[in-house]
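Reading through the structure tokens given below for one structure.
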Amino acid sequence: MQIRKALPIDALGITIVNVYTWKTQYTGLLPDELIDLRIREIKKNSDSIKKRIENGTNYYVALEENTIVGFCSFGKSREEEYKDYGEIYAIYNLEGFKGNGIGRSFFDIAIKYFKEQGFEKFIVKCLVNNPSEEFYKHMGGEIISKTQIEKCGFKIDENIFVFDVK
């Protein structure tokens with residue numbers, strides 16, 4: 001297993017992992033129409049991720065046999081209420097690659113960045129009832145609030161976890 005900073009050429013692989021994970025993890029938690037829309041918009045979302053990587057957004061990928069099996073993205077918090085915090089925007093791993101330390105490695109990389117940037121805390125937003133909530137609790141996160149976002153006309157409830165930068 002290799003973990004490295006993402007390159008613009010990784011955008012499609014990142015998007016495929018994202019879409020596959022939405023299908024396997026969020027079916028039953030999100031409307032099927034929203035998941036299907038994510039699948040139909042692979043090219044558009046890949047182009048968007050490529051631009052973010054080119055513009056310096058922190059993306060890291062986990063590779064197995066030169067194939068992306070997980071990714072992470074992080075930076076300054078996008079939430080006004082937590083503007084002095086860092087934020088892990090996304091951590092996604094393919095189902096067959098969970099439990100082998102990828103998520104922990106991504107956390108370590110993000111925490112190193114947050115320390116370098118002077119953040120004392122960071123947040124992670126997680127879909128309510130997402131099985132990954134247990135991972136975030138195991139990593140020391142505490143739910144401090146809830147938020148609701150809108151994606152393509154659908155309202156999505158998320159828990160906001162807070163972590164200390166150690």
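In the structure tokens, the first chain shown is A, the next is B, and so on; residue numbers restart at 1 for each chain, and ligands run from 1 in the order shown.
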Discussion item. If we count only C-alpha atoms and set the cut-off at 9 Å, which residues sit around Tyr26 in chain A, ignoring sequence neighbours fewer than 4 positions away in its own chain? Please answer as number ranges by chain.
Written reply: A: 21-22, 30-32, 35, 127, 130
Any chance you can output those residues with N, CA and C atoms as a PDB file, in the first residue's frame?
```pdb
ATOM      1  N   THR A  21     -18.077   4.465  -3.269  1.00  0.00           N
ATOM      2  CA  THR A  21     -18.298   4.486  -1.819  1.00  0.00           C
ATOM      3  C   THR A  21     -19.682   5.038  -1.495  1.00  0.00           C
ATOM      4  N   TRP A  22     -20.114   6.070  -2.213  1.00  0.00           N
ATOM      5  CA  TRP A  22     -21.472   6.568  -2.003  1.00  0.00           C
ATOM      6  C   TRP A  22     -22.482   5.446  -2.242  1.00  0.00           C
ATOM      7  N   LEU A  30     -29.213   7.896   1.891  1.00  0.00           N
ATOM      8  CA  LEU A  30     -29.501   9.013   0.994  1.00  0.00           C
ATOM      9  C   LEU A  30     -30.466   8.542  -0.084  1.00  0.00           C
ATOM     10  N   PRO A  31     -31.224   9.462  -0.656  1.00  0.00           N
ATOM     11  CA  PRO A  31     -32.138   9.063  -1.733  1.00  0.00           C
ATOM     12  C   PRO A  31     -31.378   8.450  -2.916  1.00  0.00           C
ATOM     13  N   ASP A  32     -31.946   7.403  -3.499  1.00  0.00           N
ATOM     14  CA  ASP A  32     -31.334   6.748  -4.659  1.00  0.00           C
ATOM     15  C   ASP A  32     -31.087   7.738  -5.796  1.00  0.00           C
ATOM     16  N   ILE A  35     -27.769   9.489  -5.283  1.00  0.00           N
ATOM     17  CA  ILE A  35     -26.644   8.587  -5.557  1.00  0.00           C
ATOM     18  C   ILE A  35     -26.512   8.358  -7.065  1.00  0.00           C
ATOM     19  N   LEU A 127     -22.143  12.165   7.458  1.00  0.00           N
ATOM     20  CA  LEU A 127     -23.551  11.861   7.276  1.00  0.00           C
ATOM     21  C   LEU A 127     -24.102  11.137   8.507  1.00  0.00           C
ATOM     22  N   ASN A 130     -24.022   7.228   9.238  1.00  0.00           N
ATOM     23  CA  ASN A 130     -22.968   6.644   8.415  1.00  0.00           C
ATOM     24  C   ASN A 130     -22.157   5.698   9.306  1.00  0.00           C
TER      25      ASN A 130
END
```
Practice prompt. Find the residues near Asn58 in chain A: any atom within 12 Å, counting only C-alpha atoms, skip ones fewer than 3 places away on the same chain, and give them as a PyMOL selection string.
Written response: chain A and resi 4-8+49-55+61+71-76+86-91+106+109-110+113-114
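Considering only C-alpha atoms, the residue among A:Lys83, A:Lys98, A:Lys112, A:Lys23 positioned nearest to Leu37 in chain A is A:Lys23.
Candidate residues A:Phe135, A:Cys152, A:Ile3, A:Phe163 were compared for distance to Glu41 in chain A, and the nearest is A:Cys152, using only C-alpha atoms.
Proximity of A:Ile156, A:Val19, A:Val69, A:Leu29 to Ile102 in chain A, computed with only C-alpha atoms, is greatest for A:Val69.
Interatomic distance, CA of Arg78 in chain A to CA of Gly153 in chain A: 20.2 Å.
Going from CA of Ile39 in chain A over to CA of Leu94 in chain A, you cover 15.5 Å.
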